[in-house]
file coords.txt (compact mmCIF, C-alpha atoms)
# COMPACT_ATOMS: atom_id res chain seq x y z
CA MET K 1 -0.50 14.70 -24.58
CA ASP K 2 -1.91 17.75 -22.75
CA GLY K 3 -5.42 17.83 -21.38
CA TRP K 4 -7.32 16.31 -18.50
CA HIS K 5 -8.72 12.79 -18.40
CA THR K 6 -11.45 11.75 -15.98
CA LEU K 7 -12.20 8.29 -14.62
CA THR K 8 -14.95 7.45 -12.14
CA ILE K 9 -15.46 4.36 -9.99
CA GLN K 10 -18.00 3.14 -7.48
CA SER K 11 -16.67 2.86 -3.94
CA VAL K 12 -15.58 -0.76 -4.10
CA THR K 13 -11.96 -1.52 -3.21
CA GLU K 14 -11.48 -3.91 -6.15
CA ASN K 15 -12.18 -1.03 -8.55
CA ILE K 16 -8.92 0.64 -7.50
CA ARG K 17 -7.08 -1.86 -9.67
CA ASP K 18 -8.65 -0.53 -12.90
CA ILE K 19 -7.69 3.08 -12.15
CA GLU K 20 -4.13 2.15 -11.22
CA GLU K 21 -3.69 0.08 -14.35
CA ALA K 22 -5.04 2.89 -16.56
CA LEU K 23 -2.73 5.53 -15.13
CA CYS K 24 0.33 3.31 -14.96
CA GLU K 25 -0.25 2.22 -18.56
CA ALA K 26 -0.45 5.87 -19.59
CA LEU K 27 2.80 6.63 -17.75
CA ASN K 28 4.44 3.60 -19.29
CA LYS K 29 3.42 4.65 -22.81
CA ALA K 30 4.82 8.12 -22.12
CA ASP K 31 8.16 6.52 -21.11
CA PHE K 32 8.12 7.64 -17.50
CA PRO K 33 10.87 5.98 -15.41
CA GLU K 34 9.96 2.88 -13.41
CA ASN K 35 10.51 4.73 -10.13
CA ASP K 36 7.92 7.36 -11.14
CA ILE K 37 5.38 4.66 -11.99
CA PHE K 38 6.09 2.95 -8.66
CA ALA K 39 5.56 6.24 -6.80
CA VAL K 40 2.34 7.09 -8.63
CA ARG K 41 0.86 3.61 -8.12
CA LEU K 42 1.68 3.81 -4.41
CA ALA K 43 0.24 7.31 -3.86
CA LEU K 44 -2.80 6.62 -6.02
CA ASP K 45 -3.56 3.42 -4.11
CA GLU K 46 -3.40 5.34 -0.83
CA ALA K 47 -5.58 8.19 -2.11
CA LEU K 48 -8.22 5.88 -3.60
CA ALA K 49 -8.29 3.63 -0.53
CA ASN K 50 -8.78 6.70 1.67
CA ALA K 51 -11.56 8.02 -0.58
CA ILE K 52 -13.44 4.70 -0.56
CA LYS K 53 -12.86 3.89 3.12
CA HIS K 54 -12.83 7.20 4.98
CA GLY K 55 -14.61 9.40 2.43
CA ASN K 56 -17.43 7.26 1.08
CA HIS K 57 -17.42 4.64 3.88
CA TYR K 58 -17.57 1.77 1.36
CA ASP K 59 -20.97 2.99 0.11
CA ALA K 60 -21.01 1.56 -3.42
CA THR K 61 -23.65 4.08 -4.50
CA LYS K 62 -21.12 6.87 -3.92
CA LEU K 63 -18.48 7.64 -6.51
CA VAL K 64 -14.80 8.45 -6.50
CA SER K 65 -13.51 10.53 -9.40
CA VAL K 66 -9.96 10.66 -10.64
CA LYS K 67 -8.80 13.44 -12.95
CA TYR K 68 -5.29 13.31 -14.32
CA ARG K 69 -3.21 15.40 -16.64
CA LEU K 70 -0.07 14.02 -18.18
CA THR K 71 2.55 16.35 -19.66
CA ASP K 72 6.16 15.94 -20.73
CA GLY K 73 7.15 17.31 -17.33
CA GLY K 74 5.05 15.06 -15.10
CA ILE K 75 1.62 14.06 -13.93
CA THR K 76 -1.04 15.78 -11.83
CA ILE K 77 -3.74 13.61 -10.25
CA VAL K 78 -6.88 14.82 -8.47
CA VAL K 79 -8.89 12.28 -6.41
CA LYS K 80 -12.28 13.33 -5.07
CA ASP K 81 -14.88 11.49 -2.99
CA GLU K 82 -18.42 12.34 -1.91
CA GLY K 83 -17.64 12.37 1.82
CA ALA K 84 -17.73 15.14 4.39
CA GLY K 85 -13.95 15.57 4.19
CA PHE K 86 -11.37 15.16 6.91
CA ASN K 87 -8.90 17.31 8.76
CA TYR K 88 -5.62 16.28 7.17
CA GLU K 89 -3.62 18.82 9.16
CA ASN K 90 -4.01 17.18 12.55
CA LEU K 91 -3.08 13.63 11.74
CA PRO K 92 -0.60 12.14 14.22
CA ASP K 93 2.86 11.05 13.09
CA PRO K 94 2.67 7.26 12.54
CA THR K 95 6.41 6.90 13.17
CA LEU K 96 6.17 8.03 16.81
CA PRO K 97 7.04 5.19 19.20
CA ASP K 98 3.54 4.96 20.68
CA ARG K 99 1.93 4.74 17.21
CA LEU K 100 4.47 2.52 15.51
CA GLU K 101 2.58 -0.72 16.04
CA LEU K 102 -0.86 0.62 15.07
CA PRO K 103 -2.14 -1.06 11.88
CA SER K 104 -3.30 2.15 10.15
CA GLY K 105 -2.44 5.83 9.69
CA ARG K 106 0.48 5.63 7.25
CA GLY K 107 -1.26 6.53 3.99
CA LEU K 108 -0.67 10.26 4.08
CA LEU K 109 2.98 9.81 5.09
CA LEU K 110 3.56 7.59 2.07
CA MET K 111 1.71 9.94 -0.28
CA ARG K 112 3.76 12.91 0.91
CA SER K 113 6.98 10.90 0.67
CA TYR K 114 6.53 9.65 -2.87
CA MET K 115 4.86 12.59 -4.59
CA ASP K 116 6.46 16.01 -5.12
CA THR K 117 3.47 17.86 -3.70
CA ILE K 118 0.09 16.96 -2.29
CA SER K 119 -2.64 19.40 -1.32
CA PHE K 120 -6.27 19.21 -0.21
CA ASN K 121 -9.30 21.37 -0.91
CA ALA K 122 -10.82 23.28 2.00
CA LYS K 123 -13.47 20.63 2.65
CA GLY K 124 -10.87 17.86 2.75
CA ASN K 125 -12.54 15.51 0.25
CA GLU K 126 -10.27 16.21 -2.71
CA VAL K 127 -6.54 15.64 -2.90
CA THR K 128 -4.26 16.90 -5.67
CA MET K 129 -0.94 15.11 -6.18
CA VAL K 130 1.89 16.14 -8.48
CA LYS K 131 4.83 14.02 -9.60
CA GLY K 132 7.52 15.43 -11.87
CA ARG K 133 9.13 13.15 -14.41
CA GLY K 134 12.36 11.63 -13.18
CA LYS K 135 12.49 13.54 -9.90
CA SER K 136 13.82 11.46 -7.05
CA THR K 137 11.62 11.05 -3.98
CA MET N 1 -7.72 -1.90 -19.65
CA SER N 2 -5.93 -5.11 -18.68
CA PRO N 3 -6.57 -6.19 -15.10
CA MET N 4 -3.56 -6.41 -12.83
CA LYS N 5 -2.70 -9.95 -11.88
CA PRO N 6 -3.83 -10.44 -8.29
CA VAL N 7 -1.20 -11.01 -5.67
CA GLU N 8 0.00 -14.60 -5.45
CA ILE N 9 0.27 -16.24 -2.03
CA LYS N 10 1.65 -19.69 -1.30
CA VAL N 11 1.71 -21.28 2.14
CA GLN N 12 3.98 -24.18 3.08
CA THR N 13 4.07 -25.64 6.59
CA HIS N 14 6.63 -28.05 7.95
CA ASP N 15 8.87 -28.55 10.98
CA GLY N 16 6.83 -26.23 13.15
CA ALA N 17 7.14 -23.24 10.86
CA SER N 18 4.97 -21.83 8.11
CA LEU N 19 6.44 -20.09 5.11
CA VAL N 20 4.16 -17.62 3.36
CA THR N 21 5.53 -16.60 -0.03
CA VAL N 22 4.00 -13.44 -1.47
CA ALA N 23 4.42 -12.18 -5.04
CA GLY N 24 3.03 -9.06 -6.68
CA HIS N 25 1.52 -5.86 -5.36
CA LEU N 26 0.28 -5.79 -1.77
CA VAL N 27 -2.09 -2.90 -2.42
CA ALA N 28 -5.57 -2.10 -1.14
CA ALA N 29 -7.45 -4.41 -3.50
CA GLU N 30 -5.08 -7.35 -2.91
CA SER N 31 -4.09 -7.22 0.76
CA SER N 32 -7.19 -9.13 1.91
CA TYR N 33 -5.79 -12.28 0.27
CA LEU N 34 -2.72 -12.12 2.51
CA ALA N 35 -4.90 -11.29 5.52
CA ALA N 36 -7.00 -14.43 4.92
CA ALA N 37 -3.91 -16.65 4.59
CA LEU N 38 -2.37 -15.27 7.78
CA GLU N 39 -5.66 -15.51 9.70
CA ASP N 40 -5.82 -19.24 8.87
CA LEU N 41 -2.31 -19.79 10.23
CA ILE N 42 -3.03 -17.75 13.36
CA ALA N 43 -6.27 -19.66 13.95
CA GLY N 44 -4.13 -22.80 13.92
CA LYS N 45 -1.74 -21.15 16.41
CA GLU N 46 1.32 -21.60 14.18
CA SER N 47 4.34 -20.88 16.35
CA LEU N 48 6.52 -19.36 13.62
CA ILE N 49 5.21 -17.62 10.50
CA ILE N 50 7.85 -16.49 8.01
CA VAL N 51 6.60 -14.12 5.30
CA ASP N 52 8.88 -14.16 2.28
CA MET N 53 8.65 -10.70 0.70
CA SER N 54 11.36 -11.17 -1.93
CA ARG N 55 8.84 -11.15 -4.81
CA VAL N 56 6.71 -8.28 -3.50
CA LYS N 57 7.00 -5.35 -5.90
CA LEU N 58 4.96 -2.81 -3.92
CA ILE N 59 3.37 -2.59 -0.50
CA THR N 60 0.98 0.16 0.62
CA SER N 61 -0.40 1.05 4.04
CA GLU N 62 -3.12 -1.61 3.65
CA GLY N 63 -0.52 -4.33 3.22
CA LEU N 64 1.56 -2.98 6.10
CA GLY N 65 -1.57 -3.00 8.28
CA VAL N 66 -2.23 -6.67 7.48
CA LEU N 67 1.30 -7.62 8.57
CA ILE N 68 1.13 -5.52 11.76
CA ARG N 69 -2.24 -7.02 12.78
CA ALA N 70 -1.04 -10.57 12.11
CA ARG N 71 2.17 -10.04 14.08
CA LYS N 72 0.16 -8.76 17.05
CA ASP N 73 -2.40 -11.58 16.83
CA ALA N 74 0.36 -14.21 16.72
CA SER N 75 2.11 -12.66 19.70
CA GLU N 76 -1.04 -13.16 21.78
CA TYR N 77 -0.38 -16.92 21.87
CA ASP N 78 3.43 -16.44 21.91
CA GLY N 79 3.69 -17.06 18.19
CA ARG N 80 6.08 -15.09 15.99
CA LEU N 81 5.68 -13.50 12.59
CA VAL N 82 8.92 -12.50 10.90
CA LEU N 83 9.79 -11.19 7.44
CA CYS N 84 12.49 -12.09 4.99
CA GLY N 85 13.74 -11.11 1.53
CA LEU N 86 12.96 -7.40 1.66
CA SER N 87 14.92 -5.22 -0.73
CA GLY N 88 14.77 -2.13 -2.93
CA ASN N 89 11.63 -0.02 -2.88
CA VAL N 90 9.78 -2.34 -0.50
CA LEU N 91 12.57 -2.20 2.08
CA ASP N 92 12.62 1.60 1.68
CA ILE N 93 8.92 1.73 2.62
CA PHE N 94 9.60 -0.25 5.80
CA LYS N 95 12.46 2.10 6.69
CA MET N 96 10.45 5.23 5.91
CA THR N 97 7.61 4.09 8.16
CA ARG N 98 10.14 2.82 10.75
CA LEU N 99 8.54 -0.61 10.61
CA ASP N 100 12.03 -2.03 10.16
CA LYS N 101 12.25 -1.36 13.94
CA VAL N 102 9.09 -3.39 14.59
CA PHE N 103 9.52 -6.54 12.50
CA ALA N 104 12.32 -9.06 12.76
CA MET N 105 13.79 -9.22 9.24
CA TYR N 106 16.07 -11.80 7.66
CA GLU N 107 17.74 -12.23 4.31
CA SER N 108 16.07 -15.54 3.48
CA PRO N 109 13.60 -18.12 4.82
CA ALA N 110 16.56 -20.30 5.83
CA ALA N 111 18.12 -17.44 7.81
CA ALA N 112 14.79 -16.79 9.55
CA LEU N 113 14.40 -20.45 10.41
CA SER N 114 17.98 -20.68 11.63
CA ALA N 115 17.58 -17.62 13.86
CA ALA N 116 14.37 -19.03 15.34
CA SER N 117 15.88 -22.41 16.13
CA GLY N 118 19.16 -20.96 17.37
call {"tool": "encode", "arguments": {"input": "coords.txt", "output": "structure tokens"}}
result
Amino acid sequence: MDGWHTLTIQSVTENIRDIEEALCEALNKADFPENDIFAVRLALDEALANAIKHGNHYDATKLVSVKYRLTDGGITIVVKDEGAGFNYENLPDPTLPDRLELPSGRGLLLMRSYMDTISFNAKGNEVTMVKGRGKST
Amino acid sequence: MSPMKPVEIKVQTHDGASLVTVAGHLVAAESSYLAAALEDLIAGKESLIIVDMSRVKLITSEGLGVLIRARKDASEYDGRLVLCGLSGNVLDIFKMTRLDKVFAMYESPAAALSAASG
């Protein structure tokens, strides 16, 4: 059960589905609770959409890699794109009244809310997300 | 790897209101289907669009963005987009993002229709 697995997709939004299904199937087989699978699917969708949209700018020749490691205690997922990276520290709060009706900017909030920890590399093109088994969000 | 079943969207229009029933996961790869359905209704200047979310299992920021854009576009011709049937994890996402303060929400399509006509 230990060990890292790597999946790679071209930067096409429809490809997100295959990655989500693979990871959720792995969690399901390992008997993770439904709420954990919900949280991972949500955070993974946000991370992959960000990588394809903001990282690789929908350039299908660029790749997004997903590494994951499943243990009895939880799952660690690393999503990396080929982009220049972004400054994740200065993103405005999407729940502020003047931003509430904007159609975008909620991805990071949801990732932080549903995973136990998320962290970025210095460049800002790789996010690591950790979800412990059975831990409430 | 078995592909996830795409989101299912059904549109019914009668008595001056359109009911959009959504089932499945409103995630990045699927939200464009809802966007297309709502854009058609908005192009036709539907006065009341009710989106039934009772069979939505998951919504991400892409899906939320589609609903926010459609609500704004409808408001530009004095149309309304309201939601109904939210519960569980999906309702939690609306509360967490404070979008429960933005959208009018009802228990059922009938309740939404009743509120609009009352």
call {"tool": "residues_around", "arguments": {"input": "coords.txt", "residues": "stretch 65-68 of chain K", "least_positions_apart": "2", "cutoff": "6 Å", "atoms": "all atoms listed in the file", "output": "list in words"}}
result
Trp4, His5, Thr6, Leu7, Thr8, Thr76, Ile77, Val78, Val79 and Lys80 of chain K
call {"tool": "interface_residues", "arguments": {"input": "coords.txt", "of": "chain K", "to": "chain N", "cutoff": "6 Å", "atoms": "all atoms listed in the file", "output": "list in words"}}
result
Thr13, Glu14, Thr95, Pro103, Ser104, Arg106 and Gly107 of chain K
call {"tool": "atom_distance", "arguments": {"input": "coords.txt", "atom1": "atom CA of K:Gly83", "atom2": "atom CA of K:Asn125"}}
result
6.2 Å
call {"tool": "residues_around", "arguments": {"input": "coords.txt", "residues": "stretch 33-44 of chain N", "least_positions_apart": "4", "cutoff": "8 Å", "atoms": "only C-alpha atoms", "output": "VMD selection string"}}
result
chain N and resid 7 9 11 18 22 49 66 to 67 70 73 to 74
call {"tool": "closest_residue", "arguments": {"input": "coords.txt", "among": "K:Arg17, K:Leu48, K:Gly55, K:Val130", "to": "K:Met115", "atoms": "all atoms listed in the file"}}
result
K:Val130
call {"tool": "atom_distance", "arguments": {"input": "coords.txt", "atom1": "atom CA of N:Leu86", "atom2": "atom CA of K:Ile19"}}
result
27.0 Å
call {"tool": "atom_distance", "arguments": {"input": "coords.txt", "atom1": "atom CA of K:Asn87", "atom2": "atom CA of K:Glu20"}}
result
25.5 Å
call {"tool": "build_atoms", "arguments": {"input": "coords.txt", "residues": "stretch 47-58 of chain N", "atoms": "all heavy atoms", "output": "CSV table (one decimal), in the frame of the given file"}}
result
chain,number,residue,atom,x,y,z
N,47,SER,N,3.4,-21.5,15.4
N,47,SER,CA,4.3,-20.9,16.4
N,47,SER,C,5.3,-19.9,15.6
N,47,SER,O,5.7,-18.9,16.2
N,47,SER,CB,5.1,-21.9,17.1
N,47,SER,OG,5.8,-22.8,16.2
N,48,LEU,N,5.6,-20.3,14.4
N,48,LEU,CA,6.5,-19.4,13.6
N,48,LEU,C,6.0,-19.2,12.2
N,48,LEU,O,5.8,-20.2,11.5
N,48,LEU,CB,7.9,-19.9,13.5
N,48,LEU,CG,8.9,-19.1,12.7
N,48,LEU,CD1,9.2,-17.7,13.3
N,48,LEU,CD2,10.3,-19.9,12.6
N,49,ILE,N,5.7,-17.9,11.8
N,49,ILE,CA,5.2,-17.6,10.5
N,49,ILE,C,6.3,-16.7,9.8
N,49,ILE,O,6.6,-15.7,10.3
N,49,ILE,CB,3.9,-16.9,10.5
N,49,ILE,CG1,2.8,-17.7,11.2
N,49,ILE,CG2,3.4,-16.5,9.1
N,49,ILE,CD1,1.5,-16.9,11.6
N,50,ILE,N,6.8,-17.3,8.8
N,50,ILE,CA,7.8,-16.5,8.0
N,50,ILE,C,7.2,-16.0,6.7
N,50,ILE,O,6.7,-16.8,5.9
N,50,ILE,CB,9.1,-17.4,7.7
N,50,ILE,CG1,9.7,-18.0,8.9
N,50,ILE,CG2,10.1,-16.6,6.9
N,50,ILE,CD1,10.7,-19.1,8.6
N,51,VAL,N,7.2,-14.7,6.5
N,51,VAL,CA,6.6,-14.1,5.3
N,51,VAL,C,7.8,-13.7,4.4
N,51,VAL,O,8.5,-12.8,4.7
N,51,VAL,CB,5.7,-12.9,5.6
N,51,VAL,CG1,5.1,-12.4,4.3
N,51,VAL,CG2,4.6,-13.3,6.6
N,52,ASP,N,7.8,-14.4,3.3
N,52,ASP,CA,8.9,-14.2,2.3
N,52,ASP,C,8.4,-13.0,1.3
N,52,ASP,O,7.5,-13.2,0.5
N,52,ASP,CB,9.2,-15.4,1.5
N,52,ASP,CG,10.3,-15.2,0.5
N,52,ASP,OD1,10.8,-14.1,0.3
N,52,ASP,OD2,10.8,-16.3,-0.1
N,53,MET,N,9.1,-11.9,1.5
N,53,MET,CA,8.6,-10.7,0.7
N,53,MET,C,9.5,-10.5,-0.5
N,53,MET,O,9.4,-9.4,-1.2
N,53,MET,CB,8.8,-9.5,1.6
N,53,MET,CG,8.0,-9.6,2.9
N,53,MET,SD,6.2,-9.2,2.7
N,53,MET,CE,6.3,-7.4,2.4
N,54,SER,N,10.4,-11.4,-0.9
N,54,SER,CA,11.4,-11.2,-1.9
N,54,SER,C,10.7,-10.9,-3.3
N,54,SER,O,11.4,-10.3,-4.2
N,54,SER,CB,12.4,-12.3,-2.0
N,54,SER,OG,11.7,-13.5,-2.3
N,55,ARG,N,9.5,-11.4,-3.5
N,55,ARG,CA,8.8,-11.2,-4.8
N,55,ARG,C,7.7,-10.1,-4.7
N,55,ARG,O,6.9,-10.0,-5.6
N,55,ARG,CB,8.3,-12.5,-5.4
N,55,ARG,CG,9.5,-13.4,-5.7
N,55,ARG,CD,9.0,-14.8,-6.1
N,55,ARG,NE,8.1,-14.7,-7.3
N,55,ARG,CZ,7.2,-15.6,-7.5
N,55,ARG,NH1,6.9,-16.6,-6.7
N,55,ARG,NH2,6.4,-15.5,-8.6
N,56,VAL,N,7.7,-9.4,-3.6
N,56,VAL,CA,6.7,-8.3,-3.5
N,56,VAL,C,7.3,-7.0,-4.2
N,56,VAL,O,8.4,-6.6,-3.9
N,56,VAL,CB,6.4,-8.0,-2.0
N,56,VAL,CG1,5.5,-6.8,-1.9
N,56,VAL,CG2,5.7,-9.2,-1.4
N,57,LYS,N,6.5,-6.5,-5.1
N,57,LYS,CA,7.0,-5.4,-5.9
N,57,LYS,C,6.6,-4.0,-5.3
N,57,LYS,O,7.2,-3.0,-5.5
N,57,LYS,CB,6.4,-5.4,-7.3
N,57,LYS,CG,6.8,-6.7,-8.1
N,57,LYS,CD,8.3,-6.8,-8.3
N,57,LYS,CE,8.6,-8.1,-9.1
N,57,LYS,NZ,10.0,-8.4,-8.9
N,58,LEU,N,5.5,-4.0,-4.5
N,58,LEU,CA,5.0,-2.8,-3.9
N,58,LEU,C,4.1,-3.2,-2.7
N,58,LEU,O,3.4,-4.2,-2.8
N,58,LEU,CB,4.1,-2.1,-5.0
N,58,LEU,CG,3.2,-0.9,-4.5
N,58,LEU,CD1,4.1,0.2,-3.9
N,58,LEU,CD2,2.3,-0.4,-5.6
